[in-house]
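Structure data follow from structure18.cif (mmCIF, C-alpha atoms):
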data_coords
loop_
_atom_site.label_atom_id
_atom_site.label_comp_id
_atom_site.auth_asym_id
_atom_site.auth_seq_id
_atom_site.Cartn_x
_atom_site.Cartn_y
_atom_site.Cartn_z
CA MET A 155 -22.68 -31.75 5.45
CA THR A 156 -24.02 -28.62 3.75
CA PRO A 157 -25.94 -26.44 6.25
CA ILE A 158 -29.59 -25.86 5.43
CA SER A 159 -30.36 -22.19 4.93
CA PRO A 160 -33.37 -20.82 6.84
CA PRO A 161 -36.56 -20.26 4.80
CA ASP A 162 -37.01 -16.84 3.28
CA PRO A 163 -39.88 -15.08 5.15
CA ARG A 164 -40.69 -13.10 1.99
CA ARG A 165 -41.76 -16.28 0.24
CA ALA A 166 -44.42 -17.12 2.86
CA GLN A 167 -45.65 -13.53 2.93
CA LEU A 168 -45.97 -13.41 -0.86
CA ARG A 169 -47.87 -16.71 -0.89
CA ARG A 170 -50.27 -15.41 1.77
CA LEU A 171 -50.98 -12.20 -0.16
CA LYS A 172 -51.56 -14.15 -3.37
CA LEU A 173 -54.10 -16.32 -1.57
CA ILE A 174 -55.87 -13.23 -0.25
CA ALA A 175 -56.04 -11.72 -3.75
CA LEU A 176 -57.35 -15.02 -5.13
CA ALA A 177 -59.93 -15.23 -2.35
CA MET A 178 -61.14 -11.72 -3.18
CA LEU A 179 -61.50 -12.69 -6.85
CA LEU A 180 -63.45 -15.85 -5.97
CA ALA A 181 -65.64 -13.86 -3.63
CA MET A 182 -66.46 -11.37 -6.39
CA LEU A 183 -67.27 -14.20 -8.82
CA ALA A 184 -69.48 -15.86 -6.22
CA GLY A 185 -71.30 -12.59 -5.55
CA PHE A 186 -71.81 -12.08 -9.29
CA VAL A 187 -73.28 -15.59 -9.70
CA ILE A 188 -75.55 -15.26 -6.62
CA SER A 189 -76.86 -11.88 -7.73
CA HIS A 190 -77.76 -13.30 -11.16
CA LEU A 191 -79.52 -16.23 -9.50
CA GLN A 192 -81.50 -13.70 -7.47
CA GLY A 193 -82.66 -11.99 -10.67
CA GLU A 194 -80.55 -8.85 -10.18
CA ARG A 195 -83.47 -7.08 -8.57
CA GLY A 196 -83.28 -4.50 -5.83
CA ILE A 197 -80.04 -4.66 -3.83
CA TRP A 198 -78.87 -7.62 -5.89
CA ALA A 199 -78.58 -5.39 -8.91
CA TRP A 200 -76.09 -3.25 -7.01
CA VAL A 201 -74.27 -6.36 -5.78
CA SER A 202 -74.09 -7.67 -9.33
CA ALA A 203 -72.67 -4.37 -10.67
CA PHE A 204 -70.05 -4.22 -7.91
CA CYS A 205 -68.97 -7.87 -8.16
CA GLU A 206 -68.90 -7.89 -11.96
CA ALA A 207 -66.67 -4.81 -12.21
CA ALA A 208 -64.52 -5.96 -9.24
CA ALA A 209 -63.95 -9.36 -10.88
CA VAL A 210 -62.97 -7.66 -14.15
CA GLY A 211 -60.57 -5.35 -12.26
CA ALA A 212 -59.09 -8.26 -10.29
CA LEU A 213 -58.56 -10.36 -13.43
CA ALA A 214 -57.04 -7.44 -15.34
CA ASP A 215 -54.58 -6.63 -12.56
CA TRP A 216 -53.77 -10.32 -12.08
CA PHE A 217 -52.96 -10.52 -15.77
CA ALA A 218 -50.82 -7.39 -15.59
CA VAL A 219 -48.89 -8.59 -12.54
CA VAL A 220 -48.33 -12.10 -13.85
CA ALA A 221 -47.34 -10.80 -17.30
CA LEU A 222 -44.37 -9.03 -15.74
CA PHE A 223 -42.76 -12.31 -14.65
CA ARG A 224 -44.21 -15.10 -16.82
CA ARG A 225 -46.85 -16.02 -19.39
CA PRO A 226 -50.34 -16.06 -17.81
CA LEU A 227 -51.62 -19.65 -17.74
CA GLY A 228 -48.65 -20.55 -19.96
CA LEU A 229 -50.38 -19.01 -23.01
CA PRO A 230 -48.09 -17.42 -25.66
CA ILE A 231 -49.79 -14.05 -25.37
CA PRO A 232 -47.74 -11.19 -26.90
CA HIS A 233 -45.99 -8.77 -24.57
CA THR A 234 -46.06 -11.10 -21.57
CA ALA A 235 -43.14 -12.51 -19.51
CA ILE A 236 -41.72 -9.01 -19.85
CA ILE A 237 -38.84 -9.32 -17.38
CA PRO A 238 -37.31 -12.60 -18.63
CA ARG A 239 -37.79 -11.59 -22.28
CA SER A 240 -36.25 -8.17 -21.65
CA LYS A 241 -33.36 -9.31 -19.45
CA GLU A 242 -30.72 -8.03 -21.87
CA ARG A 243 -32.35 -4.60 -22.16
CA ILE A 244 -32.97 -4.41 -18.41
CA ALA A 245 -29.30 -5.24 -17.74
CA ASP A 246 -28.09 -2.49 -20.07
CA SER A 247 -30.58 0.02 -18.68
CA LEU A 248 -29.65 -0.81 -15.08
CA ALA A 249 -25.95 -0.47 -15.87
CA LEU A 250 -26.47 2.88 -17.57
CA PHE A 251 -28.63 4.07 -14.67
CA VAL A 252 -25.92 3.21 -12.13
CA ARG A 253 -23.28 4.81 -14.32
CA ASP A 254 -25.17 8.06 -14.86
CA GLN A 255 -26.67 8.41 -11.38
CA PHE A 256 -23.97 7.00 -9.08
CA LEU A 257 -20.71 7.15 -11.04
CA GLU A 258 -21.03 10.54 -12.65
CA PRO A 259 -17.59 12.13 -12.00
CA GLN A 260 -18.72 15.65 -11.18
CA ALA A 261 -21.35 14.46 -8.68
CA LEU A 262 -18.83 12.21 -6.91
CA LEU A 263 -16.19 14.94 -6.82
CA ALA A 264 -18.68 17.45 -5.43
CA ARG A 265 -19.54 15.07 -2.58
CA LEU A 266 -15.86 14.33 -1.98
CA GLN A 267 -15.05 18.04 -1.85
CA VAL A 268 -17.77 18.68 0.73
CA PHE A 269 -16.51 15.69 2.73
CA ASP A 270 -13.05 17.39 3.13
CA PRO A 271 -11.10 14.13 3.50
CA ALA A 272 -7.80 15.81 4.47
CA SER A 273 -9.34 17.54 7.49
CA ARG A 274 -11.07 14.36 8.63
CA LEU A 275 -7.88 12.36 8.17
CA GLY A 276 -5.93 14.92 10.19
CA SER A 277 -8.43 14.80 13.05
CA TRP A 278 -8.40 11.01 12.99
CA LEU A 279 -4.61 10.68 13.02
CA ALA A 280 -4.12 13.38 15.65
CA ASP A 281 -6.03 11.28 18.18
CA PRO A 282 -3.32 9.40 20.17
CA ALA A 283 -5.54 6.36 20.67
CA ARG A 284 -6.21 6.02 16.95
CA SER A 285 -2.59 6.53 15.90
CA ARG A 286 -1.53 3.94 18.48
CA LEU A 287 -4.21 1.53 17.24
CA LEU A 288 -3.07 1.97 13.65
CA ALA A 289 0.60 1.49 14.62
CA ASP A 290 -0.24 -1.67 16.58
CA MET A 291 -2.20 -3.01 13.63
CA ALA A 292 0.76 -2.35 11.35
CA ARG A 293 3.06 -4.07 13.85
CA GLY A 294 0.83 -7.14 13.84
CA TRP A 295 0.68 -7.20 10.04
CA ALA A 296 4.47 -6.93 9.85
CA LEU A 297 4.87 -9.87 12.23
CA GLN A 298 2.49 -11.97 10.15
CA ALA A 299 4.38 -11.00 7.01
CA LEU A 300 7.63 -12.21 8.61
CA ASP A 301 5.99 -15.56 9.34
CA PHE A 302 4.77 -15.91 5.76
CA LEU A 303 8.20 -15.30 4.24
CA ASP A 304 10.20 -18.25 2.95
CA GLU A 305 13.43 -17.65 4.87
CA ALA A 306 15.55 -19.90 2.65
CA ALA A 307 14.32 -18.16 -0.50
CA VAL A 308 14.82 -14.71 1.02
CA ARG A 309 18.31 -15.66 2.17
CA ARG A 310 19.25 -16.86 -1.30
CA SER A 311 17.76 -13.77 -2.90
CA ILE A 312 19.63 -11.39 -0.58
CA GLN A 313 22.89 -13.25 -1.04
CA GLY A 314 22.51 -13.34 -4.81
CA PHE A 315 21.55 -9.66 -4.96
CA VAL A 316 24.39 -8.45 -2.72
CA ILE A 317 27.07 -10.58 -4.43
CA GLN A 318 25.81 -9.57 -7.86
CA GLN A 319 25.91 -5.88 -6.99
CA LEU A 320 29.37 -6.21 -5.46
CA ARG A 321 30.67 -7.94 -8.58
CA ARG A 322 29.23 -5.20 -10.78
CA TRP A 323 30.64 -2.46 -8.56
CA ASN A 324 33.49 -0.49 -10.18
CA ALA A 325 35.67 -0.17 -7.11
CA ALA A 326 38.46 1.77 -8.87
CA ALA A 327 36.08 4.42 -10.19
CA THR A 328 34.42 4.72 -6.78
CA ALA A 329 37.79 5.12 -5.08
CA GLY A 330 38.72 7.79 -7.63
CA GLU A 331 35.49 9.67 -6.95
CA LEU A 332 35.99 9.48 -3.19
CA LEU A 333 39.56 10.72 -3.44
CA GLY A 334 38.35 13.43 -5.79
CA LEU A 335 35.92 14.58 -3.12
CA LEU A 336 38.72 14.39 -0.57
CA THR A 337 40.93 16.72 -2.61
CA ALA A 338 38.17 19.33 -3.08
CA ASP A 339 38.79 22.54 -1.12
CA ASN A 340 42.24 21.23 -0.08
CA ARG A 341 40.72 18.68 2.27
CA HIS A 342 43.62 16.33 1.49
CA GLN A 343 46.06 18.94 2.82
CA ARG A 344 44.12 19.10 6.07
CA VAL A 345 44.28 15.31 6.24
CA LEU A 346 48.06 15.53 5.72
CA ASP A 347 48.33 18.18 8.46
CA GLU A 348 46.40 15.99 10.83
CA GLY A 349 48.57 12.99 10.02
CA LEU A 350 51.81 14.93 10.48
CA THR A 351 50.55 16.36 13.77
CA ARG A 352 49.77 12.86 15.04
CA VAL A 353 53.24 11.64 13.96
CA GLY A 354 54.86 14.58 15.78
CA GLN A 355 52.89 13.83 18.94
CA TRP A 356 53.91 10.20 18.69
CA LEU A 357 57.62 11.04 18.24
CA ASP A 358 57.55 13.49 21.15
CA ASN A 359 56.32 10.76 23.49
CA PRO A 360 59.03 9.77 26.05
CA SER A 361 58.22 6.08 25.73
CA VAL A 362 58.75 6.27 21.95
CA LYS A 363 62.10 7.96 22.48
CA GLN A 364 63.06 5.26 24.98
CA ARG A 365 62.22 2.50 22.50
CA ALA A 366 64.22 4.31 19.78
CA SER A 367 67.24 4.55 22.16
CA GLU A 368 67.01 0.84 22.93
CA LEU A 369 66.88 0.01 19.21
CA ILE A 370 70.01 2.11 18.56
CA VAL A 371 71.92 0.43 21.40
CA ARG A 372 70.94 -3.07 20.26
CA TYR A 373 71.91 -2.23 16.70
CA LEU A 374 75.37 -0.96 17.73
CA GLN A 375 75.97 -3.98 19.94
CA ARG A 376 74.98 -6.39 17.17
CA GLU A 377 76.63 -4.75 14.17
CA TRP A 378 79.76 -3.22 15.74
CA PRO A 379 80.43 -4.98 19.04
CA LYS A 380 84.04 -3.76 19.33
CA LEU A 381 83.00 -0.18 18.63
CA ALA A 382 80.26 -0.51 21.19
CA SER A 383 82.74 -1.76 23.83
CA THR A 384 85.13 1.10 23.12
CA VAL A 385 82.39 3.67 23.23
CA ASN A 386 81.03 2.18 26.45
CA TRP A 387 84.49 2.53 28.03
CA VAL A 388 84.53 6.25 27.22
CA LYS A 389 80.82 6.95 27.92
CA PRO A 390 77.91 4.64 28.72
CA ILE A 391 76.37 3.48 25.47
CA ASP A 392 72.84 3.89 26.90
CA GLU A 393 73.46 7.61 27.26
CA ILE A 394 74.70 7.77 23.68
CA GLY A 395 71.55 5.94 22.52
CA ASP A 396 69.32 8.34 24.46
CA SER A 397 71.15 11.31 23.00
CA LEU A 398 70.89 10.03 19.45
CA ALA A 399 67.17 9.22 19.87
CA GLU A 400 66.53 12.69 21.28
CA ARG A 401 68.44 14.36 18.45
CA MET A 402 66.62 12.30 15.80
CA ALA A 403 63.23 13.13 17.35
CA HIS A 404 64.07 16.83 17.44
CA ALA A 405 65.24 16.74 13.84
CA VAL A 406 62.09 14.99 12.65
CA LEU A 407 59.83 17.28 14.71
CA ALA A 408 61.58 20.34 13.31
CA GLU A 409 61.04 19.05 9.78
CA LEU A 410 57.39 18.34 10.55
CA GLN A 411 56.90 21.83 11.95
CA GLN A 412 58.44 23.29 8.81
CA ILE A 413 56.13 21.21 6.62
CA LEU A 414 53.11 22.30 8.64
CA ALA A 415 54.12 25.96 8.48
CA GLU A 416 54.90 26.12 4.74
CA PRO A 417 51.91 25.62 2.36
CA ALA A 418 54.39 25.39 -0.56
CA HIS A 419 56.76 22.89 1.06
CA PRO A 420 58.27 20.41 -1.45
CA LEU A 421 56.77 17.48 0.46
CA ARG A 422 53.31 19.00 0.05
CA ARG A 423 53.88 19.50 -3.69
CA ASP A 424 55.07 15.92 -4.05
CA TYR A 425 52.03 14.72 -2.09
CA GLU A 426 49.73 16.83 -4.28
CA THR A 427 51.29 15.52 -7.48
CA TRP A 428 51.21 11.89 -6.34
CA LEU A 429 47.59 12.08 -5.21
CA ALA A 430 46.41 13.78 -8.45
CA ASN A 431 48.21 11.20 -10.56
CA TYR A 432 46.78 8.33 -8.50
CA ILE A 433 43.23 9.69 -8.81
CA GLN A 434 43.72 10.00 -12.56
CA ARG A 435 44.95 6.42 -12.74
CA LEU A 436 41.98 5.19 -10.71
CA ARG A 437 39.64 6.86 -13.17
CA GLY A 438 41.36 5.91 -16.42
CA ASP A 439 44.09 3.28 -16.00
CA PRO A 440 42.70 -0.15 -17.04
CA ALA A 441 45.64 -1.99 -15.48
CA LEU A 442 45.13 -0.40 -12.05
CA ALA A 443 41.36 -0.87 -12.32
CA GLU A 444 41.90 -4.56 -13.17
CA LYS A 445 44.24 -4.99 -10.21
CA ILE A 446 41.75 -3.39 -7.81
CA ASP A 447 38.94 -5.49 -9.30
CA GLN A 448 40.96 -8.66 -8.72
CA ILE A 449 41.43 -7.67 -5.09
CA LYS A 450 37.71 -6.96 -4.86
CA GLN A 451 36.82 -10.37 -6.33
CA GLN A 452 39.17 -12.11 -3.89
CA VAL A 453 37.48 -10.30 -1.01
CA ILE A 454 34.00 -11.24 -2.31
CA ASP A 455 34.96 -14.91 -2.71
CA HIS A 456 36.49 -15.08 0.76
CA PRO A 457 34.52 -17.58 2.94
CA ALA A 458 34.16 -15.04 5.75
CA VAL A 459 32.52 -12.53 3.40
CA GLN A 460 30.21 -15.20 1.94
CA GLU A 461 29.23 -16.32 5.42
CA TYR A 462 28.58 -12.74 6.49
CA VAL A 463 26.34 -12.10 3.47
CA GLN A 464 24.43 -15.35 4.09
CA GLY A 465 23.79 -14.33 7.68
CA LEU A 466 22.42 -10.90 6.77
CA TRP A 467 18.81 -12.08 6.63
CA GLU A 468 19.06 -13.99 9.91
CA ARG A 469 20.31 -10.87 11.65
CA ILE A 470 17.73 -8.65 9.97
CA HIS A 471 14.92 -11.12 10.64
CA ALA A 472 15.88 -11.60 14.29
CA SER A 473 16.20 -7.87 14.86
CA LEU A 474 12.85 -7.13 13.23
CA ARG A 475 11.06 -9.91 15.11
CA ALA A 476 12.54 -8.88 18.46
CA ASP A 477 11.47 -5.28 17.93
CA LEU A 478 8.01 -5.99 16.50
CA SER A 479 7.22 -8.55 19.21
CA SER A 480 7.75 -5.94 21.91
CA VAL A 481 4.88 -3.79 23.08
CA ASP A 482 7.34 -0.90 23.18
CA SER A 483 8.48 -1.53 19.59
CA ALA A 484 10.79 1.18 18.31
CA LEU A 485 9.43 0.80 14.76
CA ALA A 486 5.82 0.96 15.93
CA GLY A 487 6.65 3.94 18.13
CA HIS A 488 8.27 5.74 15.24
CA LEU A 489 5.25 5.00 13.05
CA ARG A 490 2.88 6.19 15.77
CA ARG A 491 4.77 9.46 16.19
CA SER A 492 4.92 9.95 12.43
CA LEU A 493 1.18 9.40 12.06
CA ALA A 494 0.42 11.81 14.90
CA ALA A 495 2.77 14.38 13.36
CA VAL A 496 1.04 14.03 10.01
CA GLY A 497 -2.36 14.43 11.66
CA GLN A 498 -1.24 17.53 13.56
CA ALA A 499 0.30 19.01 10.43
CA LEU A 500 -2.94 18.48 8.53
CA GLN A 501 -4.86 20.22 11.30
CA ASP A 502 -2.49 23.19 11.54
CA ASP A 503 -1.60 23.79 7.88
CA PRO A 504 -4.49 24.81 5.60
CA SER A 505 -2.24 24.76 2.53
CA LEU A 506 -1.28 21.14 3.27
CA ARG A 507 -4.94 20.17 3.60
CA GLN A 508 -5.75 21.94 0.36
CA ALA A 509 -2.87 20.21 -1.45
CA LEU A 510 -3.88 16.79 -0.13
CA ASN A 511 -7.53 17.36 -1.01
CA GLN A 512 -6.51 18.42 -4.50
CA HIS A 513 -4.39 15.28 -4.94
CA LEU A 514 -7.31 13.16 -3.73
CA MET A 515 -9.70 14.94 -6.07
CA ASP A 516 -7.38 14.43 -9.04
CA GLY A 517 -6.88 10.78 -8.14
CA ALA A 518 -10.60 10.23 -7.62
CA GLU A 519 -11.39 11.84 -10.96
CA ARG A 520 -8.90 9.60 -12.79
CA LEU A 521 -10.09 6.54 -10.89
CA THR A 522 -13.76 7.31 -11.57
CA SER A 523 -13.10 7.84 -15.25
CA ARG A 524 -11.27 4.50 -15.49
CA LEU A 525 -13.80 2.52 -13.45
CA ARG A 526 -16.96 4.09 -14.83
CA GLU A 527 -17.16 2.07 -18.01
CA GLY A 528 -15.70 -1.01 -16.33
CA VAL A 529 -18.35 -1.02 -13.60
CA THR A 530 -21.07 -0.42 -16.16
CA THR A 531 -19.92 -3.38 -18.24
CA HIS A 532 -19.59 -5.55 -15.12
CA ILE A 533 -23.17 -4.81 -13.98
CA ALA A 534 -24.59 -5.46 -17.44
CA GLN A 535 -22.71 -8.73 -17.90
CA THR A 536 -23.57 -9.91 -14.40
CA VAL A 537 -27.31 -9.34 -14.85
CA LYS A 538 -27.22 -10.92 -18.31
CA GLY A 539 -25.50 -13.96 -16.85
CA TRP A 540 -28.21 -14.59 -14.25
CA ASP A 541 -30.55 -17.55 -14.71
CA GLU A 542 -33.95 -16.27 -15.87
CA ARG A 543 -35.93 -18.27 -13.34
CA HIS A 544 -33.66 -17.14 -10.53
CA LEU A 545 -33.92 -13.53 -11.70
CA VAL A 546 -37.73 -13.70 -11.86
CA GLU A 547 -37.92 -15.37 -8.46
CA GLN A 548 -35.73 -12.80 -6.76
CA LEU A 549 -37.53 -9.86 -8.31
CA GLU A 550 -40.92 -11.32 -7.45
CA LEU A 551 -39.84 -11.86 -3.84
CA SER A 552 -38.59 -8.28 -3.69
CA VAL A 553 -41.55 -6.46 -5.27
CA GLY A 554 -44.28 -9.16 -5.46
CA ARG A 555 -45.77 -8.09 -2.11
CA ASP A 556 -46.44 -4.58 -3.41
CA LEU A 557 -47.79 -5.96 -6.67
CA GLN A 558 -50.40 -8.02 -4.78
CA PHE A 559 -51.70 -4.80 -3.24
CA ILE A 560 -52.22 -3.60 -6.81
CA ARG A 561 -54.51 -6.60 -7.26
CA PHE A 562 -56.34 -5.71 -4.03
CA ASN A 563 -56.78 -2.14 -5.17
CA GLY A 564 -57.86 -3.23 -8.64
CA THR A 565 -60.60 -5.39 -7.13
CA LEU A 566 -61.92 -2.65 -4.88
CA VAL A 567 -61.56 0.18 -7.40
CA GLY A 568 -63.21 -1.97 -10.09
CA GLY A 569 -66.15 -2.69 -7.79
CA LEU A 570 -66.59 1.00 -6.96
CA ILE A 571 -66.50 1.91 -10.64
CA GLY A 572 -69.13 -0.78 -11.26
CA LEU A 573 -71.37 0.81 -8.61
CA LEU A 574 -70.82 4.24 -10.14
CA LEU A 575 -71.74 3.02 -13.62
CA HIS A 576 -74.86 1.20 -12.29
CA ALA A 577 -75.93 4.35 -10.46
CA LEU A 578 -75.48 6.34 -13.66
CA THR A 579 -77.58 3.80 -15.57
CA VAL A 580 -80.38 3.97 -12.99
CA TRP A 581 -80.33 7.75 -13.07
CA MET A 582 -80.54 7.81 -16.87
CA HIS A 583 -83.61 5.50 -16.81
CA TRP A 584 -85.34 7.35 -14.00
#
Have the structure of the file written as structure tokens, please.
Amino acid sequence: MTPISPPDPRRAQLRRLKLIALAMLLAMLAGFVISHLQGERGIWAWVSAFCEAAAVGALADWFAVVALFRRPLGLPIPHTAIIPRSKERIADSLALFVRDQFLEPQALLARLQVFDPASRLGSWLADPARSRLLADMARGWALQALDFLDEAAVRRSIQGFVIQQLRRWNAAATAGELLGLLTADNRHQRVLDEGLTRVGQWLDNPSVKQRASELIVRYLQREWPKLASTVNWVKPIDEIGDSLAERMAHAVLAELQQILAEPAHPLRRDYETWLANYIQRLRGDPALAEKIDQIKQQVIDHPAVQEYVQGLWERIHASLRADLSSVDSALAGHLRRSLAAVGQALQDDPSLRQALNQHLMDGAERLTSRLREGVTTHIAQTVKGWDERHLVEQLELSVGRDLQFIRFNGTLVGGLIGLLLHALTVWMHW
């Protein structure tokens, strides 16, 4: 059921004032008739002059007021019903008035400059309560946005986007670029040094030497059992294995030390040549690029990778929801600190305030220039689209009360003028 709107109090007030104006007119007409019946002698002559002029003034102002909104008595009198007949012109004039008086760019920019929005924004953001309120509002909006999202659609979009980008990715060229960065400033030689150092540390470990000795002994016993028995009769084969492992470790460590000490060692040159050639192949060898791309495609099509990509949104969504649902949200806290920092920076840095104000002024000028004609057209079209009766009714309710006082004043002023003219007539005949 449509609710009934309360009556407009302006309508009752306008009706009451119209009745008062009509009563004053009837009173003046009655006084005029009575004074004529009394012969217009003595005081009745003055009453007749007052009432006659007051009635003329009341009728003239009634005609003027009514002619603004409609045709008096429905008669097709020229230049009446001014507002409904001039609706198009009034709409254009109103639109131009708003444009020139309220949307004039220089006037708006002058007010905006005095307002100093950057300073006010800095003071507002620097208040901890306000920055916290704004961060909490943003946290609530983010939670609502998560609820509005179609998770299935987002999941499909993320999966499609990630897989598409991976398939387009030139893995060989990327590997070539990464290795190129690695070789800059001899970083690859430092990587080699680190690798050789780790190998040396590993070989110098007693447990490694013990495993190497055991491998030597097992190999001798398996491949040359008779030789192993003979050797064991002369000297325990375990001691021979330990000795060989120790000698091999020392030999390898000595070679590693030599490589580490000599920047021009042949192994380093071979490593340099191999790495440069491999980088060149990664960048320009179609066969190697095709082989790497095939490996990449196999990795992308692997069920584990597909499952991982499909679960990205679930993990992101769960993480975001868990954080945003907490009063101590890390994201909200970061936003709150960032807002406070921006506010403090605006308060402390005049150049930053000036730059922000200038950006706002430039943006406001462009926005005002774009909207100025659009708003003007919108106002004009809106007024032109109003129903004439509705337009007249609303205007009459808005200004009709004041117009009835014009009728009151016209009645009284007319009567006073009538008295003045009668007094002048009496004086001239005296």
> Using only C-alpha atoms, which of the listed residues (A:Ala408, A:Val201, A:Leu436, A:Leu213) sits closest to Phe186 (chain A)?
Replying inline: A:Val201
Could you tell me which residues the PyMOL selection byres ((chain A and resi 537-541) around 12) returns for this structure, as an mmCIF file with C-alpha atoms, in the coordinates of the input?
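Output contents, as saved in out21.cif:
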data_model
loop_
_atom_site.group_PDB
_atom_site.id
_atom_site.type_symbol
_atom_site.label_atom_id
_atom_site.label_comp_id
_atom_site.auth_asym_id
_atom_site.auth_seq_id
_atom_site.Cartn_x
_atom_site.Cartn_y
_atom_site.Cartn_z
ATOM 1 C CA ILE A 237 -38.840 -9.320 -17.380
ATOM 2 C CA PRO A 238 -37.310 -12.600 -18.630
ATOM 3 C CA ARG A 239 -37.790 -11.590 -22.280
ATOM 4 C CA SER A 240 -36.250 -8.170 -21.650
ATOM 5 C CA LYS A 241 -33.360 -9.310 -19.450
ATOM 6 C CA GLU A 242 -30.720 -8.030 -21.870
ATOM 7 C CA ARG A 243 -32.350 -4.600 -22.160
ATOM 8 C CA ILE A 244 -32.970 -4.410 -18.410
ATOM 9 C CA ALA A 245 -29.300 -5.240 -17.740
ATOM 10 C CA ASP A 246 -28.090 -2.490 -20.070
ATOM 11 C CA SER A 247 -30.580 0.020 -18.680
ATOM 12 C CA LEU A 248 -29.650 -0.810 -15.080
ATOM 13 C CA ALA A 249 -25.950 -0.470 -15.870
ATOM 14 C CA THR A 530 -21.070 -0.420 -16.160
ATOM 15 C CA THR A 531 -19.920 -3.380 -18.240
ATOM 16 C CA HIS A 532 -19.590 -5.550 -15.120
ATOM 17 C CA ILE A 533 -23.170 -4.810 -13.980
ATOM 18 C CA ALA A 534 -24.590 -5.460 -17.440
ATOM 19 C CA GLN A 535 -22.710 -8.730 -17.900
ATOM 20 C CA THR A 536 -23.570 -9.910 -14.400
ATOM 21 C CA GLU A 542 -33.950 -16.270 -15.870
ATOM 22 C CA ARG A 543 -35.930 -18.270 -13.340
ATOM 23 C CA HIS A 544 -33.660 -17.140 -10.530
ATOM 24 C CA LEU A 545 -33.920 -13.530 -11.700
ATOM 25 C CA VAL A 546 -37.730 -13.700 -11.860
ATOM 26 C CA GLU A 547 -37.920 -15.370 -8.460
ATOM 27 C CA GLN A 548 -35.730 -12.800 -6.760
#
> Got a sec to resolve the PyMOL selection byres ((chain A and resi 174) around 12) on this structure and send the residues as a ChimeraX atom specification?
Replying inline: /A:167-173,175-181,212,555,558-559,561-562,565
> Of the residues A:Gly228, A:Gln460, A:His471, A:Glu416, which is the one nearest to Asp304 (chain A), using all atoms listed in the file?
Replying inline: A:His471
> Written as JSON, numbers by chain, what is the full residue list that the PyMOL selection byres ((chain A and resi 466) around 12) yields on the file shown?
Replying inline: {"A": [305, 308, 309, 310, 311, 312, 313, 314, 315, 316, 459, 460, 461, 462, 463, 464, 465, 467, 468, 469, 470, 471, 472, 473]}
> Hey, can you check how far CA of Ala458 (chain A) sits from CA of Asp301 (chain A)?
Replying inline: 28.4 Å
